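The file structure_0.cif comes next; it holds mmCIF, C-alpha atoms.
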data_structure
#
loop_
_atom_site.label_atom_id
_atom_site.label_comp_id
_atom_site.auth_asym_id
_atom_site.auth_seq_id
_atom_site.Cartn_x
_atom_site.Cartn_y
_atom_site.Cartn_z
CA MET A 805 110.36 -13.16 -88.43
CA PRO A 806 113.01 -12.40 -91.07
CA GLU A 807 115.99 -14.75 -91.01
CA LYS A 808 119.12 -13.19 -89.55
CA LYS A 809 121.92 -13.12 -92.09
CA GLU A 810 124.89 -13.72 -89.84
CA PRO A 811 128.15 -14.29 -91.63
CA THR A 812 128.56 -17.97 -90.70
CA PRO A 813 131.77 -19.30 -92.23
CA ARG A 814 131.22 -22.13 -94.71
CA ARG A 815 133.58 -25.04 -94.35
CA SER A 816 133.90 -25.51 -98.09
CA ALA A 817 132.09 -24.67 -101.28
CA GLY A 818 131.33 -28.38 -101.74
CA ARG A 819 129.55 -28.67 -98.43
CA GLY A 820 127.51 -25.54 -99.15
CA SER A 821 126.40 -26.95 -102.49
CA TYR A 822 125.28 -30.16 -100.84
CA ALA A 823 123.10 -28.21 -98.43
CA VAL A 824 121.57 -26.23 -101.29
CA GLY A 825 121.07 -29.44 -103.27
CA ASP A 826 119.39 -31.14 -100.29
CA ALA A 827 117.05 -28.20 -99.73
CA ARG A 828 116.12 -28.18 -103.40
CA ARG A 829 115.54 -31.92 -103.42
CA ARG A 830 113.34 -31.52 -100.31
CA LYS A 831 111.38 -28.72 -102.01
CA ILE A 832 110.82 -30.85 -105.13
CA LEU A 833 109.58 -33.80 -103.04
CA ASP A 834 107.16 -31.59 -101.04
CA THR A 835 105.82 -30.01 -104.22
CA ALA A 836 105.40 -33.45 -105.80
CA VAL A 837 103.30 -34.61 -102.80
CA ASP A 838 100.97 -31.72 -103.50
CA HIS A 839 100.77 -32.32 -107.28
CA PHE A 840 100.34 -36.11 -107.11
CA GLY A 841 97.72 -35.69 -104.36
CA ARG A 842 95.80 -33.10 -106.34
CA TRP A 843 96.07 -34.32 -109.94
CA GLY A 844 97.08 -37.96 -109.62
CA PHE A 845 100.18 -39.39 -111.27
CA HIS A 846 99.10 -39.24 -114.90
CA ALA A 847 97.90 -35.63 -114.95
CA SER A 848 100.88 -34.33 -112.95
CA SER A 849 103.67 -32.86 -115.03
CA LEU A 850 107.36 -32.48 -114.27
CA ALA A 851 107.31 -29.07 -116.01
CA ARG A 852 104.60 -27.76 -113.67
CA ILE A 853 106.23 -29.28 -110.58
CA ALA A 854 109.55 -27.66 -111.57
CA ASN A 855 107.78 -24.35 -112.19
CA ASP A 856 106.20 -24.44 -108.71
CA CYS A 857 109.69 -25.00 -107.27
CA GLY A 858 111.04 -22.02 -109.22
CA ILE A 859 113.44 -24.19 -111.23
CA THR A 860 113.56 -25.46 -114.80
CA GLN A 861 112.52 -28.97 -115.82
CA GLY A 862 116.19 -29.61 -116.59
CA GLY A 863 117.04 -28.58 -113.03
CA LEU A 864 114.45 -31.03 -111.70
CA LEU A 865 115.78 -33.83 -113.90
CA HIS A 866 119.18 -33.26 -112.28
CA HIS A 867 117.63 -34.64 -109.05
CA PHE A 868 115.07 -37.14 -110.38
CA ARG A 869 115.52 -38.80 -113.72
CA SER A 870 111.81 -39.19 -114.60
CA LYS A 871 108.27 -38.73 -113.30
CA GLU A 872 108.25 -42.41 -112.25
CA ASP A 873 111.49 -41.90 -110.35
CA LEU A 874 110.06 -38.83 -108.59
CA LEU A 875 106.88 -40.77 -107.70
CA LEU A 876 108.76 -43.70 -106.18
CA SER A 877 111.13 -41.32 -104.36
CA VAL A 878 108.19 -39.46 -102.80
CA LEU A 879 106.60 -42.72 -101.66
CA GLY A 880 109.86 -44.23 -100.42
CA GLN A 881 110.82 -41.05 -98.56
CA SER A 882 107.44 -40.79 -96.89
CA GLU A 883 107.50 -44.46 -95.83
CA GLN A 884 111.07 -44.14 -94.51
CA HIS A 885 110.07 -41.07 -92.49
CA ASP A 886 107.28 -43.04 -90.78
CA VAL A 887 109.46 -46.07 -90.16
CA GLU A 888 112.19 -43.94 -88.57
CA ARG A 889 109.81 -41.85 -86.49
CA LEU A 890 107.50 -44.62 -85.31
CA PHE A 891 108.47 -48.14 -86.27
CA SER A 892 112.23 -48.35 -85.73
CA VAL A 893 111.98 -49.90 -82.25
CA GLU A 894 110.38 -53.33 -81.89
CA PRO A 895 107.29 -52.84 -79.68
CA GLU A 896 107.29 -54.59 -76.29
CA SER A 897 103.79 -55.94 -76.73
CA TYR A 898 101.00 -56.05 -79.29
CA ALA A 899 99.19 -53.43 -77.19
CA ALA A 900 102.23 -51.14 -77.60
CA TYR A 901 102.19 -51.69 -81.39
CA LEU A 902 98.56 -50.58 -81.54
CA GLU A 903 99.56 -47.38 -79.70
CA THR A 904 102.08 -46.75 -82.47
CA LEU A 905 99.38 -47.19 -85.12
CA VAL A 906 97.23 -44.58 -83.36
CA ALA A 907 100.27 -42.26 -83.18
CA LEU A 908 100.69 -42.66 -86.96
CA ILE A 909 97.07 -41.69 -87.56
CA GLU A 910 97.50 -38.70 -85.22
CA GLU A 911 100.53 -37.60 -87.21
CA ASN A 912 98.54 -38.03 -90.44
CA THR A 913 95.82 -35.63 -89.26
CA ARG A 914 98.55 -32.98 -89.15
CA ARG A 915 99.56 -33.61 -92.77
CA PRO A 916 96.39 -33.87 -94.86
CA GLY A 917 98.41 -33.42 -98.06
CA ILE A 918 100.23 -36.71 -97.44
CA VAL A 919 96.94 -38.49 -96.70
CA ARG A 920 95.34 -37.15 -99.88
CA MET A 921 98.34 -38.18 -101.97
CA TYR A 922 98.27 -41.61 -100.42
CA ASN A 923 94.53 -42.03 -101.05
CA VAL A 924 94.92 -41.01 -104.70
CA LEU A 925 98.00 -43.10 -105.47
CA VAL A 926 96.89 -46.28 -103.73
CA GLY A 927 93.62 -46.08 -105.69
CA GLU A 928 95.42 -45.55 -109.01
CA SER A 929 97.82 -48.38 -108.20
CA GLY A 930 95.03 -50.94 -108.44
CA ASN A 931 95.91 -50.81 -112.16
CA ILE A 932 98.65 -53.30 -112.96
CA GLY A 933 100.36 -50.88 -115.38
CA HIS A 934 100.64 -48.06 -112.82
CA PRO A 935 104.25 -47.17 -111.92
CA ALA A 936 103.49 -47.58 -108.18
CA HIS A 937 101.50 -50.83 -108.53
CA GLN A 938 104.40 -53.04 -107.52
CA TYR A 939 105.48 -50.64 -104.78
CA PHE A 940 102.06 -50.61 -103.09
CA LYS A 941 101.50 -54.34 -103.56
CA GLU A 942 104.84 -55.04 -101.85
CA ARG A 943 104.28 -52.38 -99.19
CA TYR A 944 100.95 -53.89 -98.13
CA ALA A 945 102.48 -57.38 -98.12
CA ARG A 946 105.41 -56.09 -96.02
CA VAL A 947 103.24 -54.30 -93.47
CA LEU A 948 100.94 -57.32 -93.26
CA ARG A 949 103.91 -59.69 -92.72
CA HIS A 950 105.23 -57.44 -89.96
CA THR A 951 101.82 -57.30 -88.24
CA VAL A 952 101.42 -61.08 -88.49
CA GLU A 953 104.88 -61.59 -86.92
CA LEU A 954 103.97 -59.29 -84.03
CA LEU A 955 100.64 -61.06 -83.55
CA GLU A 956 102.30 -64.50 -83.59
CA GLY A 957 104.90 -63.31 -81.10
CA ALA A 958 102.15 -62.03 -78.81
CA VAL A 959 100.35 -65.39 -79.07
CA ARG A 960 103.60 -67.20 -78.11
CA ARG A 961 104.14 -64.91 -75.13
CA GLY A 962 100.59 -65.55 -73.94
CA GLU A 963 99.48 -61.94 -74.54
CA LEU A 964 96.91 -62.98 -77.16
CA ARG A 965 94.67 -66.02 -77.64
CA ALA A 966 95.99 -68.84 -79.81
CA ASP A 967 92.88 -69.12 -82.01
CA ILE A 968 93.09 -65.76 -83.82
CA ASP A 969 93.48 -65.56 -87.61
CA CYS A 970 96.57 -63.31 -87.64
CA ARG A 971 96.42 -62.56 -91.36
CA ALA A 972 92.76 -61.58 -91.24
CA VAL A 973 93.38 -59.35 -88.21
CA GLY A 974 96.26 -57.59 -89.97
CA GLN A 975 94.26 -57.01 -93.17
CA GLU A 976 91.36 -55.65 -91.12
CA HIS A 977 93.60 -53.21 -89.17
CA LEU A 978 94.95 -51.84 -92.45
CA ALA A 979 91.48 -51.62 -94.00
CA VAL A 980 89.97 -49.69 -91.10
CA MET A 981 92.83 -47.19 -91.07
CA ASP A 982 92.72 -46.65 -94.85
CA GLY A 983 88.93 -46.48 -95.00
CA LEU A 984 88.53 -44.04 -92.12
CA GLN A 985 91.19 -41.76 -93.61
CA ILE A 986 89.25 -41.73 -96.90
CA GLN A 987 86.13 -40.53 -95.07
CA TRP A 988 88.19 -38.00 -93.12
CA ALA A 989 89.78 -36.58 -96.30
CA LEU A 990 86.31 -36.14 -97.82
CA ASP A 991 84.93 -34.48 -94.69
CA PRO A 992 87.36 -33.66 -91.86
CA GLU A 993 84.44 -32.60 -89.64
CA SER A 994 82.83 -36.04 -89.92
CA MET A 995 85.01 -37.68 -87.28
CA ASP A 996 87.97 -37.64 -84.93
CA VAL A 997 89.99 -40.27 -86.84
CA PRO A 998 92.61 -41.08 -84.19
CA ALA A 999 89.86 -41.57 -81.58
CA ARG A 1000 87.87 -43.73 -83.98
CA VAL A 1001 90.91 -45.86 -84.87
CA ARG A 1002 91.81 -46.16 -81.20
CA SER A 1003 88.35 -47.35 -80.17
CA PHE A 1004 88.32 -49.90 -83.02
CA LEU A 1005 91.77 -51.26 -82.12
CA GLU A 1006 91.07 -51.35 -78.39
CA ARG A 1007 87.82 -53.26 -78.88
CA ARG A 1008 89.55 -55.67 -81.23
CA TYR A 1009 92.40 -56.09 -78.74
CA ALA A 1010 89.99 -56.91 -75.92
CA GLU A 1011 88.52 -59.70 -78.08
CA MET A 1012 91.95 -61.13 -78.85
CA ALA A 1013 93.54 -60.81 -75.40
CA ALA A 1014 94.29 -64.11 -73.68
CA PRO A 1015 92.18 -64.68 -70.57
CA ARG A 1016 94.22 -63.75 -67.47
CA GLY A 1017 94.86 -66.59 -65.29
CA MET B 149 79.17 -65.32 -131.81
CA PRO B 150 78.11 -62.87 -134.55
CA GLU B 151 74.79 -61.16 -133.93
CA LYS B 152 71.92 -62.49 -136.03
CA LYS B 153 70.47 -59.81 -138.27
CA GLU B 154 66.83 -60.87 -138.34
CA PRO B 155 64.50 -58.39 -140.00
CA THR B 156 62.53 -57.43 -136.86
CA PRO B 157 59.93 -54.80 -137.72
CA ARG B 158 60.59 -51.47 -136.08
CA ARG B 159 57.53 -49.78 -134.61
CA SER B 160 58.72 -46.35 -135.65
CA ALA B 161 61.88 -44.58 -136.69
CA GLY B 162 61.76 -42.58 -133.45
CA ARG B 163 61.72 -45.67 -131.27
CA GLY B 164 64.62 -47.23 -133.19
CA SER B 165 66.68 -44.08 -132.76
CA TYR B 166 66.05 -44.11 -129.05
CA ALA B 167 67.33 -47.68 -128.81
CA VAL B 168 70.47 -46.75 -130.76
CA GLY B 169 70.91 -43.66 -128.60
CA ASP B 170 70.53 -45.70 -125.38
CA ALA B 171 73.05 -48.29 -126.53
CA ARG B 172 75.52 -45.55 -127.45
CA ARG B 173 75.01 -43.80 -124.11
CA ARG B 174 75.58 -47.14 -122.34
CA LYS B 175 78.77 -47.71 -124.35
CA ILE B 176 80.09 -44.24 -123.47
CA LEU B 177 79.40 -44.80 -119.76
CA ASP B 178 81.14 -48.21 -119.76
CA THR B 179 84.14 -46.77 -121.57
CA ALA B 180 84.28 -43.85 -119.13
CA VAL B 181 84.39 -46.30 -116.18
CA ASP B 182 87.47 -47.83 -117.73
CA HIS B 183 89.19 -44.49 -118.49
CA PHE B 184 88.44 -42.83 -115.13
CA GLY B 185 89.54 -46.00 -113.33
CA ARG B 186 92.78 -46.23 -115.27
CA TRP B 187 93.84 -42.59 -115.68
CA GLY B 188 91.83 -40.73 -113.06
CA PHE B 189 89.55 -37.81 -113.86
CA HIS B 190 92.16 -35.22 -114.77
CA ALA B 191 94.19 -37.33 -117.20
CA SER B 192 91.12 -38.80 -118.90
CA SER B 193 90.09 -37.09 -122.11
CA LEU B 194 86.72 -36.88 -123.83
CA ALA B 195 88.48 -37.20 -127.20
CA ARG B 196 90.09 -40.52 -126.21
CA ILE B 197 86.88 -41.84 -124.61
CA ALA B 198 84.96 -40.94 -127.80
CA ASN B 199 87.64 -42.58 -129.90
CA ASP B 200 87.38 -45.82 -127.90
CA CYS B 201 83.61 -45.76 -128.52
CA GLY B 202 84.15 -45.31 -132.24
CA ILE B 203 82.46 -41.90 -132.28
CA THR B 204 83.63 -38.29 -132.55
CA GLN B 205 84.01 -35.98 -129.57
CA GLY B 206 81.07 -34.02 -130.98
CA GLY B 207 79.02 -37.23 -130.94
CA LEU B 208 79.93 -37.78 -127.31
CA LEU B 209 79.04 -34.18 -126.40
CA HIS B 210 75.59 -34.88 -127.82
CA HIS B 211 75.05 -37.25 -124.85
CA PHE B 212 77.14 -35.59 -122.10
CA ARG B 213 77.82 -31.90 -122.15
CA SER B 214 81.24 -32.00 -120.45
CA LYS B 215 83.80 -34.28 -118.78
CA GLU B 216 82.34 -33.27 -115.38
CA ASP B 217 78.86 -34.21 -116.59
CA LEU B 218 80.12 -37.59 -117.82
CA LEU B 219 81.89 -38.20 -114.49
CA LEU B 220 78.81 -37.44 -112.40
CA SER B 221 76.62 -39.49 -114.76
CA VAL B 222 78.92 -42.52 -114.41
CA LEU B 223 78.87 -42.24 -110.62
CA GLY B 224 75.13 -41.60 -110.41
CA GLN B 225 74.32 -44.46 -112.80
CA SER B 226 76.52 -46.89 -110.88
CA GLU B 227 74.98 -45.89 -107.53
CA GLN B 228 71.45 -46.15 -108.93
CA HIS B 229 72.22 -49.63 -110.28
CA ASP B 230 73.29 -50.79 -106.80
CA VAL B 231 70.33 -49.16 -105.08
CA GLU B 232 67.87 -50.79 -107.50
CA ARG B 233 69.52 -54.20 -107.38
CA LEU B 234 70.19 -54.40 -103.66
CA PHE B 235 68.85 -51.57 -101.56
CA SER B 236 65.35 -50.89 -102.90
CA VAL B 237 63.58 -53.01 -100.26
CA GLU B 238 63.85 -52.01 -96.61
CA PRO B 239 65.60 -54.92 -94.82
CA GLU B 240 63.59 -56.79 -92.18
CA SER B 241 66.40 -56.71 -89.66
CA TYR B 242 69.89 -55.34 -89.22
CA ALA B 243 71.18 -58.87 -89.82
CA ALA B 244 69.41 -58.86 -93.22
CA TYR B 245 71.01 -55.50 -94.07
CA LEU B 246 74.46 -56.94 -93.40
CA GLU B 247 73.65 -59.79 -95.82
CA THR B 248 72.94 -57.14 -98.46
CA LEU B 249 76.31 -55.49 -97.83
CA VAL B 250 78.03 -58.84 -98.36
CA ALA B 251 76.01 -59.33 -101.57
CA LEU B 252 77.26 -55.92 -102.77
CA ILE B 253 80.87 -56.91 -102.15
CA GLU B 254 80.27 -60.22 -103.95
CA GLU B 255 78.90 -58.32 -106.93
CA ASN B 256 81.92 -55.99 -106.83
CA THR B 257 84.35 -58.92 -107.16
CA ARG B 258 82.70 -59.61 -110.52
CA ARG B 259 83.30 -56.04 -111.75
CA PRO B 260 86.86 -55.08 -110.82
CA GLY B 261 86.73 -52.13 -113.25
CA ILE B 262 84.01 -50.47 -111.16
CA VAL B 263 85.98 -51.09 -107.95
CA ARG B 264 89.14 -49.60 -109.46
CA MET B 265 87.26 -46.55 -110.72
CA TYR B 266 85.68 -46.09 -107.33
CA ASN B 267 89.03 -46.38 -105.52
CA VAL B 268 90.63 -43.81 -107.83
CA LEU B 269 87.79 -41.28 -107.78
CA VAL B 270 87.07 -41.40 -104.07
CA GLY B 271 90.79 -40.79 -103.44
CA GLU B 272 90.91 -37.85 -105.87
CA SER B 273 87.73 -36.42 -104.35
CA GLY B 274 89.52 -35.71 -101.08
CA ASN B 275 90.49 -32.49 -102.90
CA ILE B 276 87.84 -29.82 -102.39
CA GLY B 277 88.14 -28.59 -105.98
CA HIS B 278 87.51 -32.04 -107.52
CA PRO B 279 84.28 -32.24 -109.57
CA ALA B 280 83.14 -35.30 -107.57
CA HIS B 281 84.10 -33.91 -104.12
CA GLN B 282 80.56 -32.83 -103.27
CA TYR B 283 79.05 -36.00 -104.75
CA PHE B 284 81.21 -38.32 -102.62
CA LYS B 285 80.88 -36.21 -99.49
CA GLU B 286 77.08 -36.34 -99.80
CA ARG B 287 77.08 -40.02 -100.78
CA TYR B 288 79.02 -41.02 -97.67
CA ALA B 289 76.77 -38.84 -95.50
CA ARG B 290 73.67 -40.41 -97.15
CA VAL B 291 74.86 -44.01 -96.71
CA LEU B 292 75.89 -43.27 -93.14
CA ARG B 293 72.50 -41.71 -92.33
CA HIS B 294 70.72 -44.76 -93.78
CA THR B 295 72.89 -47.15 -91.76
CA VAL B 296 72.32 -45.15 -88.58
CA GLU B 297 68.53 -45.23 -89.16
CA LEU B 298 68.62 -49.00 -89.59
CA LEU B 299 70.75 -49.42 -86.47
CA GLU B 300 68.43 -47.19 -84.43
CA GLY B 301 65.40 -49.13 -85.68
CA ALA B 302 67.06 -52.40 -84.69
CA VAL B 303 67.79 -50.97 -81.23
CA ARG B 304 64.12 -49.94 -80.85
CA ARG B 305 62.92 -53.41 -81.91
CA GLY B 306 65.22 -54.99 -79.36
CA GLU B 307 67.43 -56.65 -82.02
CA LEU B 308 70.53 -54.68 -80.96
CA ARG B 309 71.80 -53.36 -77.63
CA ALA B 310 70.90 -49.81 -76.69
CA ASP B 311 74.46 -48.72 -75.85
CA ILE B 312 76.00 -48.89 -79.33
CA ASP B 313 77.44 -45.78 -81.00
CA CYS B 314 75.45 -46.05 -84.25
CA ARG B 315 77.44 -43.40 -86.12
CA ALA B 316 80.77 -45.01 -85.22
CA VAL B 317 79.49 -48.45 -86.25
CA GLY B 318 78.32 -47.11 -89.62
CA GLN B 319 81.62 -45.34 -90.34
CA GLU B 320 83.52 -48.49 -89.42
CA HIS B 321 81.40 -50.72 -91.73
CA LEU B 322 82.12 -48.36 -94.62
CA ALA B 323 85.81 -48.14 -93.78
CA VAL B 324 86.32 -51.91 -93.66
CA MET B 325 84.56 -52.43 -96.99
CA ASP B 326 86.52 -49.62 -98.71
CA GLY B 327 89.84 -50.62 -97.18
CA LEU B 328 89.54 -54.33 -97.99
CA GLN B 329 88.58 -53.52 -101.58
CA ILE B 330 91.71 -51.36 -101.90
CA GLN B 331 93.86 -54.33 -100.82
CA TRP B 332 91.92 -56.65 -103.12
CA ALA B 333 92.39 -54.33 -106.14
CA LEU B 334 96.15 -54.26 -105.46
CA ASP B 335 96.36 -58.03 -105.09
CA PRO B 336 93.24 -60.11 -105.85
CA GLU B 337 95.02 -63.25 -104.60
CA SER B 338 95.56 -61.73 -101.17
CA MET B 339 92.09 -62.45 -99.88
CA ASP B 340 88.51 -63.60 -100.41
CA VAL B 341 86.95 -60.14 -99.85
CA PRO B 342 83.30 -61.18 -99.44
CA ALA B 343 84.31 -63.83 -96.86
CA ARG B 344 86.51 -61.32 -95.04
CA VAL B 345 83.77 -58.69 -95.00
CA ARG B 346 81.25 -61.29 -93.84
CA SER B 347 83.40 -62.47 -90.96
CA PHE B 348 84.02 -58.85 -89.87
CA LEU B 349 80.32 -57.96 -89.98
CA GLU B 350 79.19 -61.16 -88.26
CA ARG B 351 81.65 -60.67 -85.42
CA ARG B 352 80.59 -57.05 -85.06
CA TYR B 353 76.93 -58.11 -85.12
CA ALA B 354 77.45 -60.66 -82.35
CA GLU B 355 78.94 -57.89 -80.18
CA MET B 356 75.98 -55.60 -80.84
CA ALA B 357 73.16 -58.14 -80.58
CA ALA B 358 70.86 -57.67 -77.62
CA PRO B 359 71.09 -60.49 -75.10
CA ARG B 360 68.21 -62.92 -75.63
CA GLY B 361 65.72 -62.68 -72.89
#
Target encoding structure tokens, full file:
Amino acid sequence: MPEKKEPTPRRSAGRGSYAVGDARRRKILDTAVDHFGRWGFHASSLARIANDCGITQGGLLHHFRSKEDLLLSVLGQSEQHDVERLFSVEPESYAAYLETLVALIEENTRRPGIVRMYNVLVGESGNIGHPAHQYFKERYARVLRHTVELLEGAVRRGELRADIDCRAVGQEHLAVMDGLQIQWALDPESMDVPARVRSFLERRYAEMAAPRG
Amino acid sequence: MPEKKEPTPRRSAGRGSYAVGDARRRKILDTAVDHFGRWGFHASSLARIANDCGITQGGLLHHFRSKEDLLLSVLGQSEQHDVERLFSVEPESYAAYLETLVALIEENTRRPGIVRMYNVLVGESGNIGHPAHQYFKERYARVLRHTVELLEGAVRRGELRADIDCRAVGQEHLAVMDGLQIQWALDPESMDVPARVRSFLERRYAEMAAPRG
């Protein structure tokens, strides 16, 4: 459906420019997700990303000062989006947190480009010299710390057994989600990822749940 | 320690050339592991790989006819090595198979370059156009089929319960191993991967084991 061109009054030229700038920035970030996910960081080029956005490399550099800056902006933006959508409210229970993890995986199945980019960049970042190495190392440590805090809280409240190895559980949750999404990216027909993640987490939860009594 | 140059008699010029050719081929493959693992497929270059081997690009093309050919040779060679070392004998039980998986992870901790390459290439291969897409898709299907066969055999022999979802179990085993190795590559200090994989598999095995009668 063609957009209706109604003569909406603009408050000021400045405000209009901001909106245009935001839309362009958004377009660059989306295009970068596609390029990094397809070619990896090293083989992606700012000139080609700019070209796919219909702007010059100089125009792109007005928004992001380097390829490293664009990379870290894409990753930061994507993480912030997830945090705001799913992780901004402290879950009431560990069971509720696991529901949020399944919701994240469900959302990911609707954005395969993000999953592919993530799979590529996290793999590349195993190299110490990679521009996202520190970012991913800290991100995994941060997510793990958060999971461990939630697990410890659930142990204190009597939701979960006291003898669980919280760190090991957190690392395993992350591993299963990452690993299943790798298989799904290779062959989307091979499994229903959210269902598979849910059944793993529910089984694990049943093992960890404190006996009722 | 400098190599001793003892005048060992060569059986024939042909045989000597083969040995030199094999050593050079080996050197190219090892160098390619490093380049693909560091830069990914697309940003790796045959000219730079040849240079790091101290040969010309023409010399390299004598052994591998293209970058795609080199990539698939590296992957095939590495898989064959693992199969010969660890998976050539049919395991006596599903428990024995899990021991072999732990042995594989132990071996991987001694060759971080292979793990990094694997993490990078499997991520990239989520793109349908990637030269290793088909290879990885088939490899995962092959490993999964093998695991399912072993699980079904163990069910028939009464080692494991009849109500397990063999396909789901196999996909989960793979996911945990891949996912933990991603975390380990990012931060080797974060965990003892073989111990973590072992504890996951042992717990899973205990759940699946048929009740002793």
Convert the output of the PyMOL selection byres ((chain A and resi 863) around 12) on the shown file into explicit residues, formatted as a PDB file with C-alpha atoms, keeping the file's coordinate frame.
ATOM      1  CA  GLY A 825     121.070 -29.440-103.270  1.00  0.00           C
ATOM      2  CA  ARG A 828     116.120 -28.180-103.400  1.00  0.00           C
ATOM      3  CA  ARG A 829     115.540 -31.920-103.420  1.00  0.00           C
ATOM      4  CA  ILE A 832     110.820 -30.850-105.130  1.00  0.00           C
ATOM      5  CA  LEU A 850     107.360 -32.480-114.270  1.00  0.00           C
ATOM      6  CA  ALA A 851     107.310 -29.070-116.010  1.00  0.00           C
ATOM      7  CA  ILE A 853     106.230 -29.280-110.580  1.00  0.00           C
ATOM      8  CA  ALA A 854     109.550 -27.660-111.570  1.00  0.00           C
ATOM      9  CA  ASN A 855     107.780 -24.350-112.190  1.00  0.00           C
ATOM     10  CA  CYS A 857     109.690 -25.000-107.270  1.00  0.00           C
ATOM     11  CA  GLY A 858     111.040 -22.020-109.220  1.00  0.00           C
ATOM     12  CA  ILE A 859     113.440 -24.190-111.230  1.00  0.00           C
ATOM     13  CA  THR A 860     113.560 -25.460-114.800  1.00  0.00           C
ATOM     14  CA  GLN A 861     112.520 -28.970-115.820  1.00  0.00           C
ATOM     15  CA  GLY A 862     116.190 -29.610-116.590  1.00  0.00           C
ATOM     16  CA  LEU A 864     114.450 -31.030-111.700  1.00  0.00           C
ATOM     17  CA  LEU A 865     115.780 -33.830-113.900  1.00  0.00           C
ATOM     18  CA  HIS A 866     119.180 -33.260-112.280  1.00  0.00           C
ATOM     19  CA  HIS A 867     117.630 -34.640-109.050  1.00  0.00           C
ATOM     20  CA  PHE A 868     115.070 -37.140-110.380  1.00  0.00           C
ATOM     21  CA  ARG A 869     115.520 -38.800-113.720  1.00  0.00           C
ATOM     22  CA  SER A 870     111.810 -39.190-114.600  1.00  0.00           C
TER      23      SER A 870
END
Of the listed residues A:Gly983, A:Gly962, A:Gly933, A:Pro895, that which approaches chain B most closely, counting only C-alpha atoms
A:Gly983
With a distance threshold of 9 Å and counting all atoms listed in the file, extract the residues of chain B near chain A and express them as a PyMOL selection string.
chain B and resi 185-192+264-278+281-282+284-285+288-289+316+319-335+338-339+344+348
By how many Å are atom CA of Leu875 of chain A and atom CA of His839 of chain A apart?
10.4 Å
Between atom CA of Ala966 of chain A and atom CA of Pro1015 of chain A, what is the spacing in Å?
10.8 Å
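As for atom CA of Leu908 of chain A and atom CA of Leu249 of chain B, they are spaced 29.6 Å apart.
This file gives the following result for the PyMOL selection byres ((chain B and resi 296) around 10): Arg290, Val291, Leu292, Arg293, His294, Thr295, Glu297, Leu298, Leu299, Glu300, Gly301, Ala302, Asp313, Cys314, Arg315, Ala316, Val317, Gly318 and Gln319 of chain B.
Using only C-alpha atoms, the nearest neighbour of Ala999 of chain A within the list A:Ala936, A:Glu910, A:Val959, A:Asp886 is A:Glu910.
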Find the spatial neighbours of Ser226 of chain B, counting only C-alpha atoms, within a cut-off of 12 Å - ignore same-chain residues fewer than 3 positions away - and output them as an MDAnalysis selection string.
chainID B and resid 174 177:178 180:181 219:223 229:233 256 259 261:263 265:266
